[in-house]
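**Q** Sending over input-v9.tsv (TSV, C-alpha atoms).
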```tsv
chain	number	residue	atom	x	y	z
V	857	MET	CA	-49.75	112.16	215.15
V	858	SER	CA	-49.23	112.03	218.88
V	859	GLY	CA	-50.36	108.44	219.29
V	860	ASP	CA	-47.21	107.43	221.11
V	861	GLU	CA	-47.43	110.09	223.79
V	862	PRO	CA	-48.62	108.89	227.18
V	863	ILE	CA	-52.21	109.76	228.05
V	864	GLU	CA	-51.36	111.39	231.33
V	865	ALA	CA	-54.50	110.67	233.31
V	866	ALA	CA	-54.62	107.03	232.22
V	867	SER	CA	-50.95	106.49	232.98
V	868	ASP	CA	-51.79	107.18	236.56
V	869	GLY	CA	-52.58	103.80	238.07
V	870	ALA	CA	-54.95	105.44	240.54
V	871	ALA	CA	-57.27	106.41	237.68
V	872	VAL	CA	-57.27	102.83	236.41
V	873	VAL	CA	-58.08	101.53	239.90
V	874	ALA	CA	-60.88	104.12	240.05
V	875	ALA	CA	-62.19	102.77	236.74
V	876	VAL	CA	-62.23	99.22	238.09
V	877	GLU	CA	-64.10	100.42	241.19
V	878	ALA	CA	-66.61	102.27	239.02
V	879	VAL	CA	-67.18	99.15	236.94
V	880	ALA	CA	-67.65	97.04	240.08
V	881	GLU	CA	-70.19	99.51	241.42
V	882	ARG	CA	-72.08	99.72	238.13
V	883	ILE	CA	-72.22	95.94	237.71
V	884	GLU	CA	-73.51	95.62	241.27
V	885	ASP	CA	-76.19	98.23	240.48
V	886	GLU	CA	-77.17	96.35	237.33
V	887	ARG	CA	-76.91	92.91	238.88
V	888	ALA	CA	-80.65	92.26	238.95
V	889	HIS	CA	-81.08	93.53	235.40
V	890	LEU	CA	-78.26	91.33	234.09
V	891	THR	CA	-79.71	88.34	235.90
V	892	GLU	CA	-83.10	89.09	234.38
V	893	LEU	CA	-81.61	89.22	230.88
V	894	ASP	CA	-79.74	85.97	231.48
V	895	SER	CA	-82.82	84.27	232.97
V	896	ALA	CA	-84.65	84.75	229.68
V	897	ILE	CA	-82.09	82.96	227.52
V	898	GLY	CA	-79.37	81.49	229.73
V	899	ASP	CA	-78.63	80.10	233.17
V	900	ALA	CA	-79.39	83.28	235.14
V	901	ASP	CA	-75.88	83.54	236.56
V	902	HIS	CA	-74.43	86.52	234.66
V	903	GLY	CA	-75.45	89.22	237.15
V	904	GLY	CA	-74.25	87.32	240.21
V	905	ASN	CA	-71.07	86.02	238.60
V	906	MET	CA	-70.06	89.43	237.27
V	907	ALA	CA	-70.93	91.30	240.47
V	908	ARG	CA	-68.92	88.88	242.60
V	909	GLY	CA	-66.00	88.86	240.15
V	910	TRP	CA	-65.76	92.64	239.81
V	911	ALA	CA	-66.14	93.25	243.54
V	912	ALA	CA	-63.19	90.92	244.14
V	913	ALA	CA	-61.29	92.54	241.27
V	914	ALA	CA	-61.80	96.03	242.72
V	915	GLU	CA	-60.53	94.84	246.08
V	916	ALA	CA	-57.48	93.19	244.50
V	917	ALA	CA	-56.76	96.35	242.50
V	918	ARG	CA	-57.00	98.51	245.64
V	919	ASP	CA	-54.57	96.18	247.43
V	920	LEU	CA	-51.82	96.62	244.83
V	921	ASP	CA	-48.73	98.36	246.19
V	922	ASP	CA	-47.68	99.73	242.84
V	923	PRO	CA	-50.81	99.99	240.73
V	924	ASP	CA	-49.41	100.81	237.30
V	925	PRO	CA	-52.06	100.34	234.58
V	926	GLN	CA	-50.63	97.09	233.28
V	927	ALA	CA	-50.43	95.54	236.76
V	928	VAL	CA	-54.02	96.61	237.48
V	929	CYS	CA	-55.31	95.01	234.27
V	930	LYS	CA	-53.45	91.79	234.97
V	931	THR	CA	-54.66	91.59	238.55
V	932	VAL	CA	-58.25	92.34	237.60
V	933	GLY	CA	-58.15	89.72	234.84
V	934	LYS	CA	-56.68	87.03	237.09
V	935	THR	CA	-59.16	87.79	239.84
V	936	LEU	CA	-62.09	87.60	237.42
V	937	MET	CA	-60.86	84.24	236.14
V	938	ALA	CA	-60.59	82.89	239.68
V	939	GLU	CA	-63.85	84.30	241.05
V	940	VAL	CA	-66.44	84.33	238.29
V	941	GLY	CA	-66.95	80.58	237.91
V	942	GLY	CA	-68.50	80.81	234.44
V	943	ALA	CA	-67.72	81.77	230.87
V	944	SER	CA	-67.30	85.43	231.85
V	945	GLY	CA	-64.12	84.49	233.76
V	946	PRO	CA	-62.05	83.50	230.74
V	947	LEU	CA	-63.86	85.93	228.41
V	948	PHE	CA	-63.59	89.15	230.43
V	949	GLY	CA	-60.71	88.12	232.71
V	950	GLY	CA	-58.54	85.97	230.47
V	951	SER	CA	-58.73	88.51	227.66
V	952	LEU	CA	-57.77	91.31	230.04
V	953	VAL	CA	-54.69	89.42	231.23
V	954	PHE	CA	-53.69	88.73	227.65
V	955	ALA	CA	-54.31	92.27	226.39
V	956	SER	CA	-52.44	93.84	229.32
V	957	ALA	CA	-49.21	92.91	227.50
V	958	GLU	CA	-50.01	95.76	225.08
V	959	LEU	CA	-49.66	98.30	227.90
V	960	ASP	CA	-45.97	97.52	228.31
V	961	GLY	CA	-44.92	101.02	227.34
V	962	GLY	CA	-47.66	102.70	229.38
V	963	VAL	CA	-51.03	103.97	228.22
V	964	THR	CA	-50.80	105.80	224.91
V	965	ALA	CA	-53.46	106.18	222.25
V	966	GLU	CA	-51.53	103.71	220.13
V	967	ASN	CA	-51.24	101.17	222.95
V	968	ALA	CA	-54.90	101.61	223.85
V	969	VAL	CA	-55.87	100.67	220.30
V	970	ALA	CA	-53.56	97.64	220.41
V	971	PHE	CA	-54.99	96.70	223.81
V	972	ALA	CA	-58.56	96.90	222.50
V	973	GLU	CA	-57.77	94.87	219.40
V	974	THR	CA	-55.93	92.17	221.33
V	975	TYR	CA	-58.77	91.96	223.84
V	976	LEU	CA	-61.33	91.51	221.08
V	977	GLU	CA	-59.19	88.93	219.31
V	978	LYS	CA	-58.87	86.89	222.50
V	979	VAL	CA	-62.61	87.04	223.22
V	980	GLU	CA	-63.36	85.87	219.67
V	981	ASP	CA	-60.82	83.04	219.88
V	982	ARG	CA	-61.74	81.86	223.34
V	983	GLY	CA	-65.46	81.96	222.74
V	984	ASP	CA	-65.18	80.98	219.08
V	985	ALA	CA	-67.79	83.68	218.42
V	986	ARG	CA	-68.14	86.21	215.62
V	987	VAL	CA	-70.38	89.21	215.03
V	988	GLY	CA	-73.97	88.07	214.66
V	989	ASP	CA	-73.79	85.17	217.11
V	990	GLN	CA	-75.70	87.15	219.79
V	991	THR	CA	-72.78	87.48	222.19
V	992	MET	CA	-70.61	90.19	223.73
V	993	VAL	CA	-68.68	90.20	220.45
V	994	ASP	CA	-71.63	92.10	218.94
V	995	ALA	CA	-71.00	95.03	221.29
V	996	LEU	CA	-67.23	94.70	221.45
V	997	THR	CA	-66.43	94.53	217.74
V	998	PRO	CA	-68.06	97.81	216.67
V	999	ALA	CA	-66.64	99.48	219.78
V	1000	VAL	CA	-63.08	98.37	219.06
V	1001	HIS	CA	-63.28	99.10	215.35
V	1002	THR	CA	-64.74	102.54	216.03
V	1003	PHE	CA	-62.10	103.32	218.63
V	1004	LYS	CA	-59.32	102.30	216.25
V	1005	LYS	CA	-60.74	104.31	213.37
V	1006	SER	CA	-61.41	107.36	215.53
V	1007	VAL	CA	-57.82	107.38	216.79
V	1008	GLU	CA	-55.92	106.27	213.72
V	1009	THR	CA	-57.92	107.64	210.80
V	1010	ASP	CA	-59.90	110.52	212.23
V	1011	GLY	CA	-57.17	111.63	214.62
V	1012	LEU	CA	-59.63	112.21	217.45
V	1013	PRO	CA	-58.37	112.64	221.01
V	1014	PRO	CA	-58.61	109.33	222.94
V	1015	LEU	CA	-61.50	110.54	225.09
V	1016	GLU	CA	-63.64	111.39	222.07
V	1017	ALA	CA	-62.64	108.14	220.44
V	1018	LEU	CA	-63.79	106.28	223.53
V	1019	ALA	CA	-67.10	108.15	223.48
V	1020	LYS	CA	-67.62	107.06	219.87
V	1021	ALA	CA	-66.77	103.50	220.89
V	1022	VAL	CA	-69.43	103.61	223.60
V	1023	ASP	CA	-71.98	104.78	221.00
V	1024	ALA	CA	-71.01	101.89	218.78
V	1025	ALA	CA	-71.25	99.37	221.63
V	1026	GLU	CA	-74.72	100.68	222.46
V	1027	ARG	CA	-75.91	100.00	218.94
V	1028	GLY	CA	-74.20	96.61	219.09
V	1029	VAL	CA	-76.21	95.71	222.18
V	1030	ALA	CA	-79.42	96.69	220.39
V	1031	PHE	CA	-78.30	94.54	217.44
V	1032	THR	CA	-78.32	91.42	219.65
V	1033	VAL	CA	-82.08	91.68	220.20
V	1034	PRO	CA	-83.50	90.64	216.81
V	1035	ILE	CA	-80.91	87.96	216.01
V	1036	ARG	CA	-80.63	84.29	216.93
V	1037	ALA	CA	-77.95	83.08	219.35
V	1038	LYS	CA	-75.33	80.81	217.82
V	1039	LYS	CA	-72.94	80.68	220.77
V	1040	GLY	CA	-73.29	80.47	224.52
V	1041	ARG	CA	-76.07	78.96	226.57
V	1042	ALA	CA	-78.70	80.88	224.60
V	1043	SER	CA	-77.79	78.93	221.46
V	1044	TYR	CA	-79.50	75.88	222.97
V	1045	LEU	CA	-82.78	77.78	222.65
V	1046	GLY	CA	-82.50	78.14	218.87
V	1047	TRP	CA	-85.12	80.54	217.53
V	1048	ARG	CA	-86.46	81.22	221.01
V	1049	SER	CA	-83.35	83.35	221.62
V	1050	VAL	CA	-84.64	85.87	219.06
V	1051	GLY	CA	-86.02	89.01	220.68
V	1052	HIS	CA	-83.73	88.91	223.69
V	1053	GLN	CA	-80.88	91.27	224.52
V	1054	ASP	CA	-77.59	89.51	225.17
V	1055	PRO	CA	-76.42	89.86	228.80
V	1056	GLY	CA	-72.69	89.73	227.96
V	1057	ALA	CA	-73.03	92.45	225.33
V	1058	THR	CA	-74.97	94.50	227.88
V	1059	SER	CA	-72.35	94.20	230.62
V	1060	THR	CA	-69.66	94.98	228.05
V	1061	LEU	CA	-71.48	98.26	227.34
V	1062	TYR	CA	-71.72	99.07	231.06
V	1063	ILE	CA	-67.98	98.53	231.43
V	1064	LEU	CA	-67.22	100.82	228.48
V	1065	GLU	CA	-69.59	103.48	229.83
V	1066	GLU	CA	-67.80	103.46	233.18
V	1067	LEU	CA	-64.38	103.59	231.52
V	1068	LEU	CA	-65.55	106.65	229.61
V	1069	ALA	CA	-66.97	108.34	232.71
V	1070	VAL	CA	-63.81	107.76	234.74
V	1071	ALA	CA	-61.53	108.74	231.86
V	1072	ALA	CA	-63.53	111.95	231.39
V	1073	ALA	CA	-63.33	112.76	235.09
V	1074	ALA	CA	-59.61	111.96	235.22
V	1075	LEU	CA	-58.93	114.15	232.21
V	1076	ASP	CA	-61.11	116.75	233.89
V	1077	ALA	CA	-63.30	117.10	230.85
V	1078	GLU	CA	-67.00	116.96	230.30
V	1079	THR	CA	-68.17	113.52	229.29
V	1080	PRO	CA	-68.62	113.85	225.54
V	1081	ASP	CA	-72.25	113.59	224.55
V	1082	VAL	CA	-73.11	110.03	223.83
V	1083	ASP	CA	-75.42	110.24	220.88
V	1084	ALA	CA	-76.43	106.78	219.81
V	1085	THR	CA	-77.73	108.04	216.47
V	1086	SER	CA	-74.52	109.67	215.27
V	1087	PRO	CA	-72.75	107.71	212.56
V	1088	THR	CA	-69.64	106.37	214.28
V	1089	ILE	CA	-68.94	103.78	211.64
V	1090	PRO	CA	-68.66	106.26	208.81
V	1091	ASP	CA	-66.93	103.84	206.43
V	1092	GLU	CA	-70.20	102.28	205.48
V	1093	ALA	CA	-72.24	105.37	206.28
V	1094	ALA	CA	-70.21	107.58	203.98
V	1095	GLU	CA	-70.31	105.09	201.15
V	1096	GLY	CA	-73.98	104.30	201.55
V	1097	GLY	CA	-75.05	107.92	201.87
V	1098	ALA	CA	-76.64	109.80	204.74
V	1099	GLY	CA	-79.91	107.90	204.39
V	1100	ASP	CA	-78.32	104.60	205.37
V	1101	ALA	CA	-76.56	106.13	208.33
V	1102	ALA	CA	-79.82	107.55	209.61
V	1103	ASP	CA	-81.68	104.30	209.08
V	1104	ALA	CA	-79.19	102.02	210.78
V	1105	PRO	CA	-79.91	102.78	214.44
V	1106	ASP	CA	-83.65	102.34	213.99
V	1107	ALA	CA	-83.24	98.59	213.63
V	1108	GLY	CA	-82.17	98.33	217.23
V	1109	GLU	CA	-84.78	100.39	218.99
V	1110	GLY	CA	-86.65	97.30	220.13
V	1111	GLY	CA	-83.90	96.84	222.66
V	1112	ASP	CA	-85.31	99.46	224.99
B	591	MET	CA	-49.35	56.67	231.54
B	592	VAL	CA	-51.67	59.24	229.99
B	593	GLY	CA	-54.02	60.70	232.60
B	594	LEU	CA	-57.54	62.08	232.31
B	595	ALA	CA	-59.33	65.10	233.76
B	596	VAL	CA	-63.12	65.25	233.62
B	597	VAL	CA	-64.58	68.77	233.77
B	598	SER	CA	-68.27	69.39	234.36
B	599	HIS	CA	-70.32	72.35	235.55
B	600	SER	CA	-71.46	70.05	238.34
B	601	GLU	CA	-68.89	68.61	240.72
B	602	ARG	CA	-71.18	65.65	241.33
B	603	ALA	CA	-71.60	65.04	237.60
B	604	ALA	CA	-67.80	65.05	237.18
B	605	GLU	CA	-67.44	62.60	240.05
B	606	GLY	CA	-70.18	60.38	238.62
B	607	ILE	CA	-68.61	60.33	235.18
B	608	VAL	CA	-65.26	59.40	236.70
B	609	GLU	CA	-67.01	56.65	238.66
B	610	VAL	CA	-68.34	55.18	235.41
B	611	ALA	CA	-65.09	55.58	233.46
B	612	ALA	CA	-62.92	54.23	236.29
B	613	GLU	CA	-64.50	50.80	235.90
B	614	MET	CA	-62.64	50.50	232.60
B	615	ALA	CA	-59.59	52.52	233.52
B	616	GLY	CA	-57.20	50.11	235.23
B	617	ASP	CA	-54.44	52.18	236.80
B	618	THR	CA	-55.21	55.32	234.78
B	619	ARG	CA	-55.40	58.47	236.84
B	620	ILE	CA	-58.78	60.14	236.29
B	621	GLU	CA	-59.49	63.37	238.14
B	622	PRO	CA	-62.98	64.86	238.41
B	623	VAL	CA	-63.34	68.63	238.69
B	624	GLY	CA	-66.36	70.90	238.57
B	625	GLY	CA	-68.51	73.50	240.23
B	626	ASP	CA	-67.90	77.16	240.93
B	627	GLY	CA	-65.87	76.49	244.08
B	628	ARG	CA	-68.73	77.60	246.34
B	629	GLY	CA	-70.96	74.58	245.95
B	630	GLY	CA	-72.72	75.99	242.89
B	631	ILE	CA	-72.76	75.19	239.20
B	632	GLY	CA	-69.82	76.47	237.18
B	633	THR	CA	-66.17	75.93	236.34
B	634	VAL	CA	-62.96	77.58	237.56
B	635	PRO	CA	-59.65	77.47	235.65
B	636	ASP	CA	-57.41	77.11	238.73
B	637	ALA	CA	-59.32	74.06	239.93
B	638	ILE	CA	-59.13	72.52	236.46
B	639	GLY	CA	-55.38	73.20	236.45
B	640	ASP	CA	-55.03	71.39	239.77
B	641	ALA	CA	-56.93	68.39	238.36
B	642	ILE	CA	-54.68	68.32	235.30
B	643	ASP	CA	-51.58	68.38	237.53
B	644	ALA	CA	-53.00	65.59	239.71
B	645	ALA	CA	-53.72	63.42	236.65
B	646	ASP	CA	-50.30	63.96	235.09
B	647	ASP	CA	-47.46	61.52	235.70
B	648	GLY	CA	-45.34	62.99	232.93
B	649	ASP	CA	-47.07	61.44	229.92
B	650	GLY	CA	-49.71	64.16	229.58
B	651	VAL	CA	-53.42	64.54	230.26
B	652	VAL	CA	-56.51	64.37	228.06
B	653	VAL	CA	-59.20	66.76	229.31
B	654	LEU	CA	-62.89	65.91	228.85
B	655	VAL	CA	-65.34	68.83	229.12
B	656	ASP	CA	-69.09	69.40	229.14
B	657	LEU	CA	-70.55	72.77	228.02
B	658	GLY	CA	-69.50	76.32	227.12
B	659	SER	CA	-67.55	77.76	230.01
B	660	ALA	CA	-66.09	74.35	230.86
B	661	VAL	CA	-64.46	74.40	227.44
B	662	MET	CA	-63.17	77.96	227.89
B	663	ASN	CA	-61.95	77.49	231.44
B	664	ALA	CA	-60.28	74.19	230.51
B	665	ASP	CA	-58.64	76.05	227.63
B	666	VAL	CA	-57.23	78.61	230.08
B	667	ALA	CA	-56.09	75.85	232.45
B	668	VAL	CA	-54.33	73.97	229.64
B	669	GLU	CA	-52.53	77.15	228.60
B	670	MET	CA	-51.36	77.82	232.14
B	671	SER	CA	-50.43	74.24	233.05
B	672	ASP	CA	-46.88	72.93	232.95
B	673	ALA	CA	-48.26	69.50	232.10
B	674	GLU	CA	-48.80	68.53	228.48
B	675	ALA	CA	-52.58	68.60	228.26
B	676	VAL	CA	-55.09	68.55	225.41
B	677	ILE	CA	-58.86	68.99	225.33
B	678	ALA	CA	-60.80	66.22	223.57
B	679	ASP	CA	-63.64	67.46	221.36
B	680	ALA	CA	-65.93	64.73	222.60
B	681	PRO	CA	-69.08	64.08	224.64
B	682	VAL	CA	-67.92	64.13	228.23
B	683	LEU	CA	-69.13	60.76	229.52
B	684	GLU	CA	-68.72	58.61	226.43
B	685	GLY	CA	-65.41	60.32	225.70
B	686	ALA	CA	-64.18	59.65	229.23
B	687	VAL	CA	-65.03	55.94	228.98
B	688	ASN	CA	-63.35	55.64	225.58
B	689	ALA	CA	-60.29	57.53	226.79
B	690	ALA	CA	-60.06	55.43	229.95
B	691	VAL	CA	-59.96	52.27	227.87
B	692	ALA	CA	-57.47	53.76	225.40
B	693	ALA	CA	-55.16	54.90	228.22
B	694	THR	CA	-54.72	51.33	229.47
B	695	ASP	CA	-53.14	50.33	226.12
B	696	PRO	CA	-49.39	49.96	226.80
B	697	SER	CA	-48.60	51.85	223.59
B	698	ALA	CA	-51.03	54.66	224.36
B	699	THR	CA	-49.94	58.23	223.62
B	700	LEU	CA	-51.58	61.57	224.36
B	701	ASP	CA	-52.78	61.68	220.74
B	702	SER	CA	-54.10	58.11	220.66
B	703	VAL	CA	-56.07	58.64	223.86
B	704	ARG	CA	-57.52	61.91	222.60
B	705	GLU	CA	-58.43	60.30	219.28
B	706	GLN	CA	-60.26	57.50	221.04
B	707	ALA	CA	-62.13	60.01	223.18
B	708	GLU	CA	-63.14	61.91	220.05
B	709	ALA	CA	-64.27	58.70	218.37
B	710	ALA	CA	-67.16	58.82	220.84
B	711	ARG	CA	-68.65	61.66	218.80
B	712	GLY	CA	-69.96	59.15	216.26
B	713	MET	CA	-71.24	56.67	218.80
B	714	GLU	CA	-74.71	55.37	217.93
B	715	LYS	CA	-77.03	54.11	220.64
B	716	LEU	CA	-79.98	52.84	218.67
```
Mind converting the file's structure to structure tokens?
**A**
Amino acid sequence: MSGDEPIEAASDGAAVVAAVEAVAERIEDERAHLTELDSAIGDADHGGNMARGWAAAAEAARDLDDPDPQAVCKTVGKTLMAEVGGASGPLFGGSLVFASAELDGGVTAENAVAFAETYLEKVEDRGDARVGDQTMVDALTPAVHTFKKSVETDGLPPLEALAKAVDAAERGVAFTVPIRAKKGRASYLGWRSVGHQDPGATSTLYILEELLAVAAAALDAETPDVDATSPTIPDEAAEGGAGDAADAPDAGEGGD
Amino acid sequence: MVGLAVVSHSERAAEGIVEVAAEMAGDTRIEPVGGDGRGGIGTVPDAIGDAIDAADDGDGVVVLVDLGSAVMNADVAVEMSDAEAVIADAPVLEGAVNAAVAATDPSATLDSVREQAEAARGMEKL
């Protein structure tokens, strides 16, 4: 295994700053859509809060004299916490600050897995949310688990592992539609939250998509095909047979 | 003396709650904090941290919070603060009044004040 070798493109702080800028741009583009999602079940502030937070984060990242990946993550996290003014501050920002400790030895496949797991753990702890609560955890958990499995068990290159993680997050977002919110502002709506796509899960997917696009560009590779119907959680799929794997994504198609 | 910080999504709500609790608070320091820092609804960890510091005279601070992100941002502020601070799992207004009264007890500790704040969870009104 070469999990402890630096991923060259990602070790370059400039690529990480580029990723932050790409996220900021994407969130700004999706601002109205995120606000619309949050208007249906929340307090309609997710689009505005995230757009403002990521714009400030991109600026702070650009201003760094020595933008090594860990410093960029820390700065972005702190800026999000200071600027967002809602739950997304501690969830996206606080978790990023905390997880940045895992990048101490630079960006390697191994460290990236540790980073992802620590980030997820912090989001779960801070928000006291688990899979099935109709929150960003529903997108994040399958993404992180898939990334870990793809790197550690399947031995895929990090870029392919990230592409699988994006697939998994996409299905996780779709999964938030038919379930009832148990955490966050939407939980106050009870059953009326059913049928709505979670805004935090959605923005989590956008962030992962941008990370993938920038990582692909930095590694000078084609963006691996994101096929939302491919079985990226093969543990269950393999055990349950091909039929189950093919059925699973159908449940989420209402999310479109 | 144990201090209090009252965190609400609305700065005015925080100030109003402090106004009510202060009637019972004697010399207790109670700091209101709330809003997104731009006049809107929200909470910001740095501002909560400043309120905790302002309420602390060395004996610690019990933090009262309203909804969702107030809890999370207070959690971040408590982690980052040098003061000994704890969040009370209590309704924000009733908890603040209870805590204000408890803090005036000469033998009050951080735990006793938090416990009194949390006793407000079972408060019946009718």
**Q** Residues proximal to (-48.9, 62.0, 233.4) were defined as those with any atom within 10 Å of that point in the file's coordinates, counting all atoms listed in the file. Which are they, as a PyMOL selection string?
**A** chain B and resi 591-594+618-619+642-652+673-675+700
**Q** Mind dumping a table of every chain B residue within 10 Å of chain V, with the nearest atom pair and its distance in Å to one decimal, using only C-alpha atoms, sorted by chain and rising number, as a tab-separated table?
**A**
```
residue	atom	partner	partner_atom	distance
B:His599	CA	V:Gly942	CA	8.7
B:Gly624	CA	V:Gly941	CA	9.7
B:Gly625	CA	V:Gly941	CA	7.6
B:Asp626	CA	V:Gly941	CA	4.7
B:Gly627	CA	V:Gly941	CA	7.5
B:Arg628	CA	V:Gly941	CA	9.1
B:Gly630	CA	V:Gly941	CA	8.9
B:Ile631	CA	V:Gly941	CA	8.0
B:Gly632	CA	V:Gly941	CA	5.1
B:Thr633	CA	V:Gly941	CA	5.0
B:Val634	CA	V:Gly941	CA	5.0
B:Pro635	CA	V:Ala938	CA	6.8
B:Asp636	CA	V:Ala938	CA	6.7
B:Ala637	CA	V:Ala938	CA	8.9
B:Leu657	CA	V:Arg1041	CA	8.4
B:Gly658	CA	V:Gly1040	CA	6.2
B:Ser659	CA	V:Ala943	CA	4.1
B:Ala660	CA	V:Ala943	CA	7.6
B:Val661	CA	V:Ala943	CA	8.8
B:Met662	CA	V:Arg982	CA	6.2
B:Asn663	CA	V:Pro946	CA	6.1
B:Ala664	CA	V:Pro946	CA	9.5
B:Asp665	CA	V:Arg982	CA	7.9
B:Val666	CA	V:Pro946	CA	6.9
B:Ala667	CA	V:Pro946	CA	9.8
```
**Q** Mind pulling up the distance from CA of Thr1002 (chain V) to CA of Glu1016 (chain V)?
**A** 10.8 Å
**Q** Compare B:Gly616, B:Pro622, B:Pro696, B:Pro681 by their minimum atom-to-atom distance to Ala595 (chain B), counting only C-alpha atoms, and give me the closest one.
**A**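 Closest candidate: B:Pro622.
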**Q** So how far away is CA of Phe948 (chain V) from CA of Arg986 (chain V), in Å?
**A**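 A separation of 15.8 Å between them.
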**Q** Could you jot down the CA of Gly869 (chain V) to CA of Val1022 (chain V) separation for me, Å, one decimal place?
**A**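 Atom-to-atom, CA of Gly869 (chain V) and CA of Val1022 (chain V) are spaced 22.2 Å apart.
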**Q** For each of B:Ala641, B:Ala689, B:Val653, B:Ala710, take the minimum atom-to-atom distance to Val676 (chain B), counting only C-alpha atoms, then give the residue where this is smallest.
**A**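 Distance minimum relative to Val676 (chain B) lands on B:Val653.
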**Q** Neighbouring residues of region 915-928 of chain V were defined as those with any atom within 10 Å, considering only C-alpha atoms; residues of the same chain fewer than 2 positions away were excluded. Please report them as an NGL selection string.
**A** :V and (866-874 or 876-877 or 880 or 910-913 or 930-935 or 952-953 or 955-963)
**Q** Keeping C-alpha atoms, export the residues of the selection given above as a compact mmCIF listing (two decimals), in the frame of the given file.
**A**
```txt
# COMPACT_ATOMS: atom_id res chain seq x y z
CA ALA V 866 -54.62 107.03 232.22
CA SER V 867 -50.95 106.49 232.98
CA ASP V 868 -51.79 107.18 236.56
CA GLY V 869 -52.58 103.80 238.07
CA ALA V 870 -54.95 105.44 240.54
CA ALA V 871 -57.27 106.41 237.68
CA VAL V 872 -57.27 102.83 236.41
CA VAL V 873 -58.08 101.53 239.90
CA ALA V 874 -60.88 104.12 240.05
CA VAL V 876 -62.23 99.22 238.09
CA GLU V 877 -64.10 100.42 241.19
CA ALA V 880 -67.65 97.04 240.08
CA TRP V 910 -65.76 92.64 239.81
CA ALA V 911 -66.14 93.25 243.54
CA ALA V 912 -63.19 90.92 244.14
CA ALA V 913 -61.29 92.54 241.27
CA LYS V 930 -53.45 91.79 234.97
CA THR V 931 -54.66 91.59 238.55
CA VAL V 932 -58.25 92.34 237.60
CA GLY V 933 -58.15 89.72 234.84
CA LYS V 934 -56.68 87.03 237.09
CA THR V 935 -59.16 87.79 239.84
CA LEU V 952 -57.77 91.31 230.04
CA VAL V 953 -54.69 89.42 231.23
CA ALA V 955 -54.31 92.27 226.39
CA SER V 956 -52.44 93.84 229.32
CA ALA V 957 -49.21 92.91 227.50
CA GLU V 958 -50.01 95.76 225.08
CA LEU V 959 -49.66 98.30 227.90
CA ASP V 960 -45.97 97.52 228.31
CA GLY V 961 -44.92 101.02 227.34
CA GLY V 962 -47.66 102.70 229.38
CA VAL V 963 -51.03 103.97 228.22
```
**Q** Identify which of the residues B:Ala604, B:Gly639, B:Thr699, B:Gln706 lies closest to Ala678 (chain B), counting all atoms listed in the file when measuring atom-to-atom distances.
**A**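 Closest to Ala678 (chain B), using all atoms listed in the file: B:Gln706.
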**Q** With a distance cut-off of 7 Å and all atoms listed in the file, select the neighbouring residues of region 1066-1077 of chain V, excluding the residue or stretch itself and same-chain residues fewer than 5 positions from it, and output the selection as an NGL selection string.
**A** :V and (865 or 871 or 875 or 878-879 or 1015 or 1018-1019)
